[in-house]
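Visitor: Structure file my_file37.txt, compact mmCIF, C-alpha atoms and all ligand atoms, is pasted below:
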# COMPACT_ATOMS: atom_id res chain seq x y z
CA MET A 269 -4.13 31.60 23.68
CA GLY A 270 -5.72 33.00 20.54
CA GLU A 271 -8.01 31.24 18.13
CA ILE A 272 -8.13 27.52 17.54
CA THR A 273 -6.71 26.23 14.29
CA GLN A 274 -7.94 22.94 12.90
CA TYR A 275 -5.67 20.30 11.45
CA SER A 276 -6.50 16.94 9.97
CA TYR A 277 -4.93 14.30 12.11
CA PHE A 278 -3.91 10.82 11.02
CA PRO A 279 -3.36 8.85 14.22
CA GLY A 280 -2.48 5.54 12.61
CA CYS A 281 -3.33 2.08 13.77
CA THR A 282 -0.77 1.75 16.53
CA LEU A 283 -1.83 4.94 18.26
CA LYS A 284 -5.31 3.48 18.41
CA THR A 285 -4.15 0.37 20.18
CA LYS A 286 -0.74 -0.11 21.76
CA ALA A 287 0.41 3.48 21.76
CA LYS A 288 -2.68 5.17 23.19
CA ASP A 289 -0.62 7.49 25.36
CA LEU A 290 1.18 8.83 22.36
CA ASP A 291 -2.22 9.61 20.83
CA ARG A 292 -4.22 11.02 23.72
CA TYR A 293 -1.44 13.29 24.90
CA ALA A 294 -0.94 14.48 21.34
CA ARG A 295 -4.57 15.57 21.30
CA SER A 296 -4.81 17.05 24.77
CA CYS A 297 -1.53 18.96 24.43
CA ALA A 298 -2.52 20.31 21.02
CA GLU A 299 -5.80 21.49 22.48
CA LYS A 300 -4.02 23.26 25.28
CA LEU A 301 -1.79 24.93 22.71
CA GLY A 302 -4.65 26.14 20.53
CA ALA A 303 -4.71 23.48 17.82
CA GLU A 304 -7.56 21.07 17.22
CA LEU A 305 -6.68 17.72 15.72
CA VAL A 306 -9.57 16.46 13.63
CA GLU A 307 -9.53 12.81 12.73
CA PRO A 308 -10.89 12.04 9.26
CA GLU A 309 -13.66 9.45 9.10
CA ASN A 310 -12.77 5.98 7.95
CA TRP A 311 -9.08 6.45 7.53
CA GLN A 312 -7.13 3.30 6.87
CA CYS A 313 -3.80 2.11 8.13
CA CYS A 314 -0.96 3.52 6.09
CA GLY A 315 0.79 0.16 5.96
CA GLY A 316 3.75 1.04 8.12
CA VAL A 317 6.38 0.81 5.41
CA TYR A 318 6.59 2.92 2.28
CA PRO A 319 6.17 0.67 -0.74
CA MET A 320 9.48 1.36 -2.42
CA GLY A 321 8.80 -0.39 -5.70
CA SER A 322 8.38 2.28 -8.34
CA ASP A 323 5.38 0.40 -9.74
CA GLU A 324 3.34 0.11 -6.54
CA ILE A 325 -0.03 1.81 -6.35
CA GLY A 326 -2.44 -0.26 -4.27
CA ASN A 327 -0.43 0.02 -1.09
CA LYS A 328 -0.30 3.78 -1.39
CA LEU A 329 -4.01 4.40 -1.67
CA SER A 330 -4.81 4.68 2.03
CA SER A 331 -2.31 7.51 2.29
CA VAL A 332 -3.70 9.16 -0.84
CA ARG A 333 -7.22 9.05 0.60
CA ALA A 334 -6.10 10.65 3.86
CA LEU A 335 -4.22 13.34 1.94
CA ASN A 336 -7.20 14.05 -0.28
CA ASP A 337 -9.56 14.20 2.68
CA ALA A 338 -7.36 16.86 4.26
CA ARG A 339 -7.35 18.80 1.00
CA GLU A 340 -11.13 18.67 0.79
CA HIS A 341 -11.34 20.20 4.24
CA GLY A 342 -8.67 22.76 3.45
CA ARG A 343 -6.47 21.54 6.28
CA GLU A 344 -2.90 20.47 6.77
CA LEU A 345 -2.36 16.83 7.75
CA VAL A 346 -0.64 16.09 11.06
CA THR A 347 0.79 12.75 12.13
CA VAL A 348 2.65 11.70 15.25
CA CYS A 349 3.81 8.18 14.46
CA SER A 350 7.15 8.44 12.66
CA ALA A 351 6.16 5.64 10.32
CA CYS A 352 2.90 7.29 9.28
CA TYR A 353 4.74 10.51 8.66
CA HIS A 354 7.34 8.74 6.58
CA VAL A 355 4.86 6.78 4.48
CA ILE A 356 2.35 9.58 3.92
CA LYS A 357 4.98 12.19 3.14
CA ARG A 358 6.67 9.94 0.58
CA VAL A 359 3.37 9.04 -1.04
CA ASN A 360 2.53 12.73 -1.18
CA ASP A 361 5.78 13.36 -2.98
CA ASP A 362 4.90 10.62 -5.48
CA MET A 363 1.51 12.22 -6.05
CA ALA A 364 3.11 15.61 -6.67
CA ASN A 365 6.08 14.54 -8.75
CA VAL A 366 5.69 11.10 -10.31
CA PRO A 367 3.20 11.41 -13.18
CA ASP A 368 2.73 7.66 -13.59
CA ILE A 369 1.79 7.12 -9.93
CA GLN A 370 -0.28 10.27 -9.89
CA LYS A 371 -2.29 9.11 -12.87
CA ARG A 372 -2.82 5.54 -11.81
CA ALA A 373 -3.64 6.35 -8.19
CA ASN A 374 -6.21 8.90 -9.31
CA ASN A 375 -7.74 6.41 -11.70
CA TYR A 376 -8.30 4.08 -8.79
CA ALA A 377 -9.43 6.63 -6.29
CA GLU A 378 -11.96 8.53 -8.40
CA PHE A 379 -11.94 11.75 -6.38
CA ASP A 380 -14.02 14.67 -7.59
CA GLU A 381 -10.79 16.33 -8.59
CA PRO A 382 -7.49 14.53 -9.17
CA TYR A 383 -5.19 14.72 -6.15
CA THR A 384 -1.75 16.03 -7.04
CA GLY A 385 0.07 16.48 -3.76
CA GLU A 386 -1.59 19.71 -2.57
CA THR A 387 -1.78 18.79 1.12
CA LYS A 388 1.00 19.83 3.44
CA VAL A 389 2.07 16.97 5.71
CA LEU A 390 3.31 17.97 9.15
CA HIS A 391 4.86 15.92 11.88
CA TYR A 392 3.59 16.82 15.33
CA LEU A 393 7.01 18.31 16.10
CA GLU A 394 6.67 20.56 13.06
CA LEU A 395 3.21 21.56 14.23
CA LEU A 396 4.78 22.61 17.54
CA ARG A 397 7.73 24.41 15.97
CA ASP A 398 6.34 25.94 12.79
CA ARG A 399 2.65 26.51 13.49
CA ILE A 400 2.30 26.92 17.25
CA GLY A 401 5.93 27.95 17.85
CA PHE A 402 8.34 26.58 20.45
CA ASP A 403 8.23 29.96 22.18
CA LYS A 404 4.49 29.53 22.72
CA VAL A 405 5.06 25.99 23.93
CA LYS A 406 7.57 27.35 26.38
CA GLU A 407 5.10 29.94 27.64
CA ALA A 408 2.50 27.24 28.21
CA VAL A 409 4.81 25.08 30.30
CA THR A 410 3.65 25.00 33.90
CA LYS A 411 5.96 22.29 35.21
CA PRO A 412 9.34 22.83 33.59
CA LEU A 413 11.42 19.67 33.43
CA ALA A 414 14.37 21.54 34.86
CA GLY A 415 17.47 19.53 35.50
CA LYS A 416 16.41 16.56 33.38
CA LYS A 417 18.94 15.40 30.83
CA ILE A 418 16.93 14.06 27.93
CA GLY A 419 18.22 12.49 24.75
CA ALA A 420 16.16 12.59 21.55
CA PHE A 421 15.92 9.32 19.69
CA TYR A 422 15.10 10.15 16.08
CA GLY A 423 15.65 6.73 14.58
CA CYS A 424 15.52 6.40 10.84
CA LEU A 425 12.03 7.05 9.56
CA LEU A 426 11.68 10.73 10.40
CA LEU A 427 14.88 11.74 8.69
CA ARG A 428 15.54 9.62 5.62
CA PRO A 429 15.57 9.92 2.69
CA SER A 430 16.13 13.56 3.48
CA ASN A 431 15.55 14.89 -0.03
CA ILE A 432 11.91 13.85 0.27
CA LEU A 433 11.21 14.01 3.99
CA GLN A 434 12.89 17.40 4.42
CA PHE A 435 12.31 17.08 8.13
CA ASP A 436 15.66 18.13 9.50
CA ASP A 437 19.40 17.77 8.87
CA PRO A 438 19.58 13.97 8.49
CA GLU A 439 23.00 13.66 10.10
CA ASN A 440 22.72 16.34 12.75
CA PRO A 441 19.06 16.97 13.53
CA SER A 442 17.97 19.49 16.15
CA ILE A 443 14.16 19.77 16.20
CA MET A 444 13.71 17.35 19.11
CA GLU A 445 16.52 18.98 21.06
CA ASP A 446 14.82 22.36 20.60
CA PHE A 447 11.59 20.74 21.76
CA ILE A 448 13.33 19.40 24.87
CA SER A 449 14.74 22.86 25.60
CA ALA A 450 11.29 24.41 25.26
CA LEU A 451 10.10 22.11 28.04
CA GLY A 452 12.82 23.40 30.33
CA ALA A 453 14.93 20.23 30.22
CA THR A 454 18.49 19.86 28.98
CA PRO A 455 18.84 18.14 25.61
CA VAL A 456 21.78 15.77 25.32
CA ARG A 457 23.13 15.03 21.86
CA TYR A 458 24.61 11.60 21.22
CA GLN A 459 25.85 10.07 18.01
CA MET A 460 23.47 7.17 17.58
CA ARG A 461 20.33 9.27 17.80
CA ASN A 462 19.68 9.06 14.06
CA GLU A 463 20.58 5.41 13.59
CA CYS A 464 18.06 2.66 13.04
CA CYS A 465 17.19 0.62 16.12
CA GLY A 466 16.49 -2.53 14.11
CA GLY A 467 12.81 -2.44 15.00
CA TYR A 468 11.71 -4.19 11.82
CA ARG A 469 13.74 -7.26 12.68
CA ARG A 470 12.47 -7.41 16.24
CA MET A 471 10.15 -10.33 15.46
CA GLU A 472 12.40 -12.51 13.39
CA ASN A 473 15.87 -11.53 14.53
CA PRO A 474 15.48 -10.21 18.06
CA GLU A 475 19.19 -10.73 18.73
CA LEU A 476 20.05 -8.14 16.09
CA ALA A 477 17.44 -5.72 17.40
CA GLN A 478 18.75 -6.10 20.95
CA LYS A 479 22.32 -5.59 19.83
CA LEU A 480 21.49 -2.36 18.01
CA VAL A 481 19.42 -1.04 20.91
CA GLY A 482 22.26 -1.85 23.30
CA LYS A 483 24.63 0.27 21.22
CA ILE A 484 22.16 3.15 21.25
CA PHE A 485 21.72 3.00 25.04
CA THR A 486 25.44 2.77 25.69
CA ASP A 487 26.13 5.75 23.47
CA ALA A 488 23.29 7.76 25.03
CA ARG A 489 24.36 6.92 28.56
CA ASN A 490 27.99 7.78 27.90
CA ALA A 491 26.88 11.14 26.54
CA GLY A 492 25.00 11.83 29.77
CA CYS A 493 21.37 11.09 28.91
CA GLU A 494 19.09 10.11 31.79
CA GLU A 495 16.15 9.23 29.58
CA LEU A 496 15.24 9.11 25.90
CA ILE A 497 12.17 10.31 24.03
CA THR A 498 10.75 9.05 20.75
CA ALA A 499 7.82 9.67 18.42
CA CYS A 500 7.78 6.16 17.00
CA PRO A 501 5.78 3.34 18.62
CA LEU A 502 8.14 0.79 17.15
CA CYS A 503 11.23 2.52 18.54
CA TRP A 504 9.42 2.75 21.87
CA TYR A 505 8.65 -0.95 21.89
CA ASN A 506 12.02 -2.05 20.63
CA LEU A 507 13.96 0.15 23.03
CA ASN A 508 11.76 -0.61 26.02
CA SER A 509 11.91 -4.34 25.51
CA TYR A 510 15.70 -4.33 25.71
CA GLU A 511 17.17 -6.38 28.51
CA GLY A 512 20.78 -5.56 29.12
CA PRO A 513 23.29 -3.08 30.46
CA ASP A 514 22.99 0.70 30.07
CA LYS A 515 19.23 0.64 29.60
CA LEU A 516 17.53 4.03 30.01
CA PRO A 517 13.85 4.92 30.41
CA VAL A 518 12.22 5.68 27.06
CA ARG A 519 9.07 7.78 26.83
CA TYR A 520 6.82 9.14 24.14
CA MET A 521 7.51 12.74 23.26
CA THR A 522 3.87 13.68 23.78
CA GLU A 523 3.89 12.21 27.27
CA VAL A 524 6.85 14.36 28.21
CA LEU A 525 5.10 17.36 26.69
CA ALA A 526 1.98 16.63 28.72
CA GLU A 527 4.07 16.44 31.85
CA ALA A 528 5.58 19.86 31.21
CA LEU A 529 2.19 21.33 30.37
CA GLY A 530 0.86 19.99 33.64
CA ILE A 531 -1.76 17.72 32.11
CA LEU A 532 -0.11 14.34 32.51
CA ASP A 533 -2.69 12.99 34.90
CA GLU A 534 -5.78 14.09 33.10
CA LYS A 535 -6.85 11.00 31.25
CA PRO A 536 -9.22 11.86 28.42
CA GLU A 537 -11.10 8.85 27.08
CA ALA A 538 -8.95 7.14 24.52
CA ALA A 539 -10.72 7.19 21.19
CA GLU A 540 -12.31 3.95 20.14
CA LEU A 541 -11.19 1.78 17.31
CA ASP A 542 -14.59 1.88 15.60
CA GLY A 543 -14.57 2.69 11.93
CA VAL A 544 -10.86 2.22 11.62
CA SER A 545 -9.59 -0.50 9.41
CA CYS A 546 -6.14 -1.51 10.29
CA GLY A 547 -4.32 -3.39 7.63
CA CYS A 548 -2.42 -5.61 10.03
CA MET A 549 -3.88 -8.98 9.33
CA GLN A 550 -6.74 -8.72 6.91
CA ASP A 551 -4.65 -7.34 4.10
CA ALA A 552 -2.06 -10.05 4.30
CA GLY A 553 -2.11 -12.12 1.19
CA LYS A 554 -3.99 -9.73 -1.03
CA GLU A 555 -1.39 -7.12 -1.76
CA ALA A 556 -0.76 -6.18 -5.34
CA MET B 28 23.06 -15.07 -17.11
CA THR B 29 20.22 -17.46 -17.86
CA PRO B 30 17.27 -16.10 -19.84
CA ASP B 31 15.25 -16.33 -16.65
CA GLU B 32 17.79 -14.30 -14.74
CA MET B 33 17.79 -11.74 -17.51
CA LYS B 34 14.06 -11.37 -17.25
CA VAL B 35 14.16 -11.02 -13.48
CA ARG B 36 16.99 -8.53 -13.73
CA ASP B 37 14.94 -6.31 -16.01
CA TYR B 38 12.07 -6.61 -13.61
CA ILE B 39 14.27 -5.66 -10.63
CA LEU B 40 15.73 -2.72 -12.52
CA LYS B 41 12.24 -1.51 -13.31
CA ILE B 42 11.12 -1.59 -9.68
CA TYR B 43 14.43 -0.13 -8.52
CA ASP B 44 14.46 2.73 -10.98
CA GLY B 45 18.10 3.73 -10.44
CA ASP B 46 21.54 3.32 -12.02
CA VAL B 47 23.74 0.51 -10.69
CA THR B 48 26.64 1.46 -12.96
CA LYS B 49 27.24 4.62 -10.95
CA CYS B 50 28.54 2.55 -8.02
CA MET B 51 32.25 3.04 -7.37
CA HIS B 52 32.52 0.31 -4.70
CA CYS B 53 33.55 2.75 -2.03
CA GLY B 54 31.77 0.72 0.65
CA LYS B 55 30.22 3.68 2.41
CA CYS B 56 26.82 1.99 2.27
CA SER B 57 28.10 -1.15 3.94
CA ALA B 58 29.96 0.90 6.53
CA SER B 59 26.69 2.67 7.38
CA CYS B 60 24.58 -0.45 7.49
CA PRO B 61 23.33 -1.52 10.93
CA ALA B 62 22.55 -5.02 9.65
CA TYR B 63 25.92 -5.52 7.93
CA GLY B 64 26.98 -8.35 10.24
CA GLU B 65 23.85 -10.36 9.41
CA MET B 66 24.27 -10.15 5.66
CA ASP B 67 25.95 -12.64 3.34
CA ILE B 68 26.10 -10.40 0.28
CA LYS B 69 26.88 -6.88 1.50
CA PRO B 70 25.09 -3.71 0.37
CA HIS B 71 28.09 -2.43 -1.63
CA GLN B 72 28.13 -5.69 -3.58
CA PHE B 73 24.53 -5.49 -4.74
CA PRO B 74 25.04 -3.02 -7.58
CA SER B 75 27.80 -5.07 -9.19
CA TYR B 76 25.93 -8.35 -8.76
CA VAL B 77 23.05 -6.79 -10.63
CA ALA B 78 25.33 -5.30 -13.26
CA HIS B 79 26.94 -8.71 -13.81
CA GLY B 80 23.65 -10.52 -13.85
CA GLU B 81 24.25 -12.65 -10.79
CA ILE B 82 20.61 -12.45 -9.89
CA ALA B 83 19.94 -15.91 -8.50
CA ALA B 84 22.56 -15.40 -5.80
CA LEU B 85 20.91 -12.16 -4.72
CA MET B 86 17.48 -13.76 -4.65
CA ASP B 87 18.79 -16.54 -2.42
CA SER B 88 20.71 -14.18 -0.16
CA LYS B 89 20.03 -13.65 3.53
CA THR B 90 20.56 -9.95 2.95
CA ILE B 91 17.17 -9.26 1.42
CA TRP B 92 15.48 -10.37 4.65
CA GLU B 93 17.97 -8.78 7.03
CA CYS B 94 17.92 -5.30 5.49
CA LEU B 95 16.07 -2.96 7.82
CA GLY B 96 14.98 -0.50 5.18
CA CYS B 97 16.50 2.30 7.24
CA SER B 98 17.89 4.20 4.22
CA ALA B 99 21.20 4.99 5.91
CA CYS B 100 22.93 3.67 2.78
CA VAL B 101 20.61 5.62 0.50
CA GLU B 102 21.30 8.82 2.40
CA ARG B 103 25.06 8.37 2.56
CA CYS B 104 25.93 6.95 -0.87
CA PRO B 105 28.02 9.61 -2.58
CA ARG B 106 26.84 8.50 -6.03
CA GLY B 107 23.09 8.34 -5.55
CA VAL B 108 22.94 4.60 -6.16
CA LYS B 109 20.30 3.85 -3.50
CA PRO B 110 21.52 0.37 -2.57
CA GLY B 111 18.70 -0.08 -0.04
CA LYS B 112 16.17 0.44 -2.78
CA LEU B 113 17.95 -2.11 -4.92
CA ILE B 114 17.87 -4.65 -2.09
CA ASP B 115 14.19 -3.93 -1.68
CA GLY B 116 13.69 -4.47 -5.40
CA VAL B 117 15.26 -7.91 -5.20
CA ARG B 118 13.12 -8.80 -2.21
CA GLN B 119 10.01 -7.73 -4.05
CA ALA B 120 11.01 -9.74 -7.09
CA VAL B 121 11.33 -12.80 -4.85
CA ILE B 122 8.01 -12.23 -3.16
CA ARG B 123 6.12 -11.44 -6.30
CA GLN B 124 7.72 -13.77 -8.80
CA ARG B 125 8.26 -16.83 -6.74
CA GLY B 126 4.79 -16.24 -5.40
CA GLY B 127 6.43 -16.98 -2.14
CA SER B 128 6.23 -15.52 1.29
CA HIS B 129 9.01 -15.33 3.77
CA LEU B 130 6.78 -15.29 6.77
CA TYR B 131 3.65 -17.32 7.40
CA PRO B 132 0.82 -16.32 9.75
CA GLU B 133 1.29 -19.55 11.74
CA GLN B 134 4.78 -18.40 12.71
CA ILE B 135 3.62 -15.09 14.12
CA PRO B 136 2.16 -15.99 17.54
CA ALA B 137 5.54 -17.22 18.73
CA MET B 138 7.17 -13.93 17.71
CA VAL B 139 4.87 -11.47 19.42
CA ASP B 140 4.18 -10.45 23.00
CA PRO B 141 1.39 -8.35 24.52
CA GLU B 142 3.26 -5.14 23.77
CA THR B 143 4.09 -5.79 20.12
CA PRO B 144 2.84 -2.74 18.21
CA GLN B 145 0.56 -3.17 15.18
CA GLN B 146 3.05 -1.14 13.25
CA LEU B 147 5.54 -3.98 13.48
CA LEU B 148 3.09 -6.65 12.35
CA VAL B 149 1.79 -4.55 9.51
CA SER B 150 5.28 -3.65 8.38
CA VAL B 151 6.68 -7.14 8.51
CA LEU B 152 3.73 -8.57 6.62
CA ARG B 153 3.96 -5.90 4.01
CA ARG B 154 7.66 -6.45 3.56
CA GLU B 155 7.69 -10.20 3.54
CA ARG B 156 4.47 -11.46 2.06
CA LYS B 157 2.86 -11.31 -1.31
S1 LIG C 1 1.27 2.88 13.18
FE1 LIG C 1 0.95 2.16 11.51
S2 LIG C 1 0.58 1.46 9.97
FE2 LIG C 1 0.03 2.08 11.52
S3 LIG C 1 -0.46 3.97 11.11
FE3 LIG C 1 1.65 4.39 11.97
S4 LIG C 1 2.67 3.38 10.64
FE4 LIG C 1 0.75 3.51 9.75
S1 LIG C 2 11.67 1.61 15.02
FE1 LIG C 2 13.78 1.60 14.52
S2 LIG C 2 13.33 1.17 12.54
FE2 LIG C 2 11.73 2.42 13.30
S3 LIG C 2 11.94 4.43 13.01
FE3 LIG C 2 12.30 3.64 14.84
S4 LIG C 2 14.55 3.53 14.38
FE4 LIG C 2 13.76 3.29 12.54
S1 LIG C 3 26.34 1.95 -3.59
FE1 LIG C 3 27.15 3.99 -3.19
S2 LIG C 3 27.99 3.88 -1.14
FE2 LIG C 3 27.70 1.79 -1.82
S3 LIG C 3 29.66 1.22 -2.69
FE3 LIG C 3 28.43 1.98 -4.36
S4 LIG C 3 28.91 4.13 -4.52
FE4 LIG C 3 29.68 3.45 -2.53
S1 LIG C 4 18.55 0.19 4.10
FE1 LIG C 4 19.20 -1.92 4.44
S2 LIG C 4 21.16 -2.04 3.41
FE2 LIG C 4 20.73 0.12 3.65
S3 LIG C 4 21.75 0.68 5.52
FE3 LIG C 4 19.64 0.18 6.08
S4 LIG C 4 19.70 -1.97 6.60
FE4 LIG C 4 21.58 -1.54 5.52
Take the structure I supplied and represent it as structure tokens, if you would.

Guide:
Amino acid sequence: MGEITQYSYFPGCTLKTKAKDLDRYARSCAEKLGAELVEPENWQCCGGVYPMGSDEIGNKLSSVRALNDAREHGRELVTVCSACYHVIKRVNDDMANVPDIQKRANNYAEFDEPYTGETKVLHYLELLRDRIGFDKVKEAVTKPLAGKKIGAFYGCLLLRPSNILQFDDPENPSIMEDFISALGATPVRYQMRNECCGGYRRMENPELAQKLVGKIFTDARNAGCEELITACPLCWYNLNSYEGPDKLPVRYMTEVLAEALGILDEKPEAAELDGVSCGCMQDAGKEA
Amino acid sequence: MTPDEMKVRDYILKIYDGDVTKCMHCGKCSASCPAYGEMDIKPHQFPSYVAHGEIAALMDSKTIWECLGCSACVERCPRGVKPGKLIDGVRQAVIRQRGGSHLYPEQIPAMVDPETPQQLLVSVLRRERK
């Protein structure tokens, strides 16, 4: 493969801890495909949910810093976690189009030059499709997943609100199906693939989360799926922790990619958590 | 509407930044909502509650904690009302103004297991605590 292109890479807190496979296979597969994912120093957790209140600034700053860091290095910013993608892309839109947020966030951040949404945010799937190219991915496949019937689980965060995320058709997406085809497997479309799995209520209302996941599995199974793939650690957890009928195996999309590229068993050292401040607990109670 | 409710309504409208009067009560948002069955006041009722100033009822509703923030209603509303954002605005008004939190750190250990992703903890705390 030709020359290596560098991208800034925001792994997010969960990929550093519970979802290490999602992270390390993202890196090793990218490398194999000619893209280097460079992690900015001292990035901070994006917060996991986009602060919807039109007056919120503080909770958006970690995203703004990551975006500005990418700009300073002249790179596009890649994320894998659906939640990171969602949050950072929406904050980027605010920085480009909402003058009040743009002004106040820049006042806080004190960059050399005000940040006004210049960085392009890419999901890992977009990196594969639009920068590397699914045809190149296909060429690099050494162990085609022939005969496997795989369903994409998009969930909610990658797709909505579509006017800002502009990721894919929010009601009939196809990027993950095209990805599955590139790996030599058979994509299976099912209706519930863009519905929310109830992940956010998993802690406090697990019955609801289980009920929603059950509906997703039943729909996927009836459509002929043998397994599902996801890019979201919360979907992965919520779907995998389901106990009930129709359950299917659920894997990270990067793990499936690594399998097809023939590098599933190589286990590069997972990056350490040093220098990363995750907002999980320490930020509780001091949010603006 | 009490003067207090009026104040909170203005506050909610400011955070929400949309137009509740555009709602035509078609119910598409509620039909799309995966948490519909858990809610006492349904998504399609939120705009008119706000328009009529019935703010206290919204602030006491179960709905604001059951909403998943999935934006299905926002995406599918034919009038651009963004009911999910309105629900979020009410939740934020409760968290900020009542100085209250819905979830306390002491409750968390019983709700997590070894596989619980950080993403979930971070998100829940951000959504439910001041
Ligand atoms: S996992 Fe986390 S909080 Fe954490 S980085 Fe993704 S969404 Fe952001
Ligand atoms: S965890 Fe559920 S809530 Fe999250 S993106 Fe996945 S679908 Fe949406
Ligand atoms: S908010 Fe939108 S979808 Fe819901 S009832 Fe009103 S117009 Fe219909
Ligand atoms: S954002 Fe909330 S109200 Fe809207 S569809 Fe999702 S769960 Fe229902």

Visitor: Which residue is closest to ligand LIG 2 (chain C)? Choose from A:Val456, A:Leu529, A:Leu502, A:Ala408 and count only C-alpha atoms and all ligand atoms.

Guide: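 Among the listed residues, the smallest separation from ligand LIG 2 (chain C) belongs to A:Leu502.
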
Visitor: At a cut-off of 7 Å, list the chain A residues touching chain B, using all atoms listed in the file, as a PyMOL selection string.

Guide: chain A and resi 281-282+286+315-317+320-323+424-425+428-429+464+466+468-469+471-472+501-502+505+547-548+552-553+555

Visitor: Hey, can you check how far CA of Ser350 (chain A) sits from CA of Leu393 (chain A)?

Guide: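 Interatomic distance here is 10.5 Å.
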
Visitor: Could you list, as a ChimeraX atom specification, every residue within 8 Å of Leu516 (chain A), counting only C-alpha atoms and ignoring same-chain residues fewer than 2 positions away?

Guide: /A:485,489,494-496,514,518

Visitor: Could you turn the residues from that selection into a file that holds C-alpha atoms, as a PDB file, keeping the file's coordinate frame?

Guide:
ATOM      1  CA  PHE A 485      21.720   3.000  25.040  1.00  0.00           C
ATOM      2  CA  ARG A 489      24.360   6.920  28.560  1.00  0.00           C
ATOM      3  CA  GLU A 494      19.090  10.110  31.790  1.00  0.00           C
ATOM      4  CA  GLU A 495      16.150   9.230  29.580  1.00  0.00           C
ATOM      5  CA  LEU A 496      15.240   9.110  25.900  1.00  0.00           C
ATOM      6  CA  ASP A 514      22.990   0.700  30.070  1.00  0.00           C
ATOM      7  CA  VAL A 518      12.220   5.680  27.060  1.00  0.00           C
TER       8      VAL A 518
END

Visitor: Centre and edge lengths, as AutoDock Vina command-line options, for the axis-aligned box enclosing every listed atom of ligand LIG 2 (chain C) with 5 Å of padding on each of the six sides, in Å to one decimal?

Guide:
--center_x 13.1 --center_y 2.8 --center_z 13.8 --size_x 12.9 --size_y 13.3 --size_z 12.5

Visitor: Have a look at CA of Ile484 (chain A) and CA of Arg358 (chain A) and let me know their distance in Å, one decimal.

Guide: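 Going from CA of Ile484 (chain A) over to CA of Arg358 (chain A), I get 26.7 Å.
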
Visitor: Which residue is closest to ligand LIG 2 (chain C)? Choose from A:Leu426, A:Glu511, A:Glu439, A:Ile497 and count all atoms listed in the file.

Guide: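 For ligand LIG 2 (chain C), the nearest of the candidates is A:Leu426.
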
Visitor: Just give me the residues with any atom within 12 Å of (19.2, -3.2, 24.0), file coordinates, counting only C-alpha atoms, written as number ranges by chain.

Guide: A: 465-467, 470, 474-488, 503-518

Visitor: Can you tell me which residues come within 10 Å of ligand LIG 3 (chain C) when counting all atoms listed in the file, ideally as a ChimeraX atom specification?

Guide: /B:46-59,69-75,99-111,113

Visitor: For CA of Phe278 (chain A) and CA of Leu329 (chain A), determine how far apart the two atoms are, in Å to one decimal place.

Guide: 14.2 Å

Visitor: Just want the 10 Å neighbourhood of Ile448 (chain A), counted on all atoms listed in the file, with same-chain residues fewer than 3 positions away dropped. Output as an mmCIF file with C-alpha atoms, keeping the file's coordinate frame.

Guide:
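Once written, out-v1.cif looks like this:
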data_model
loop_
_atom_site.group_PDB
_atom_site.id
_atom_site.type_symbol
_atom_site.label_atom_id
_atom_site.label_comp_id
_atom_site.auth_asym_id
_atom_site.auth_seq_id
_atom_site.Cartn_x
_atom_site.Cartn_y
_atom_site.Cartn_z
ATOM 1 C CA PHE A 402 8.340 26.580 20.450
ATOM 2 C CA LYS A 406 7.570 27.350 26.380
ATOM 3 C CA LEU A 413 11.420 19.670 33.430
ATOM 4 C CA LYS A 416 16.410 16.560 33.380
ATOM 5 C CA LYS A 417 18.940 15.400 30.830
ATOM 6 C CA ILE A 418 16.930 14.060 27.930
ATOM 7 C CA GLY A 419 18.220 12.490 24.750
ATOM 8 C CA ALA A 420 16.160 12.590 21.550
ATOM 9 C CA SER A 442 17.970 19.490 16.150
ATOM 10 C CA ILE A 443 14.160 19.770 16.200
ATOM 11 C CA MET A 444 13.710 17.350 19.110
ATOM 12 C CA GLU A 445 16.520 18.980 21.060
ATOM 13 C CA LEU A 451 10.100 22.110 28.040
ATOM 14 C CA GLY A 452 12.820 23.400 30.330
ATOM 15 C CA ALA A 453 14.930 20.230 30.220
ATOM 16 C CA THR A 454 18.490 19.860 28.980
ATOM 17 C CA PRO A 455 18.840 18.140 25.610
ATOM 18 C CA VAL A 456 21.780 15.770 25.320
ATOM 19 C CA ILE A 497 12.170 10.310 24.030
ATOM 20 C CA MET A 521 7.510 12.740 23.260
ATOM 21 C CA VAL A 524 6.850 14.360 28.210
ATOM 22 C CA LEU A 525 5.100 17.360 26.690
#

Visitor: Taking 5 positions as the minimum chain separation for residues in the same chain, which residues sit within 9 Å of Leu345 (chain A) when counting only C-alpha atoms? Answer as a ChimeraX atom specification.

Guide: /A:275-278,334-335,338-339,387-391

Visitor: What would the file look like if the residues just selected were written as an mmCIF file, in the coordinates of the input with C-alpha atoms?

Guide:
data_model
loop_
_atom_site.group_PDB
_atom_site.id
_atom_site.type_symbol
_atom_site.label_atom_id
_atom_site.label_comp_id
_atom_site.auth_asym_id
_atom_site.auth_seq_id
_atom_site.Cartn_x
_atom_site.Cartn_y
_atom_site.Cartn_z
ATOM 1 C CA TYR A 275 -5.670 20.300 11.450
ATOM 2 C CA SER A 276 -6.500 16.940 9.970
ATOM 3 C CA TYR A 277 -4.930 14.300 12.110
ATOM 4 C CA PHE A 278 -3.910 10.820 11.020
ATOM 5 C CA ALA A 334 -6.100 10.650 3.860
ATOM 6 C CA LEU A 335 -4.220 13.340 1.940
ATOM 7 C CA ALA A 338 -7.360 16.860 4.260
ATOM 8 C CA ARG A 339 -7.350 18.800 1.000
ATOM 9 C CA THR A 387 -1.780 18.790 1.120
ATOM 10 C CA LYS A 388 1.000 19.830 3.440
ATOM 11 C CA VAL A 389 2.070 16.970 5.710
ATOM 12 C CA LEU A 390 3.310 17.970 9.150
ATOM 13 C CA HIS A 391 4.860 15.920 11.880
#
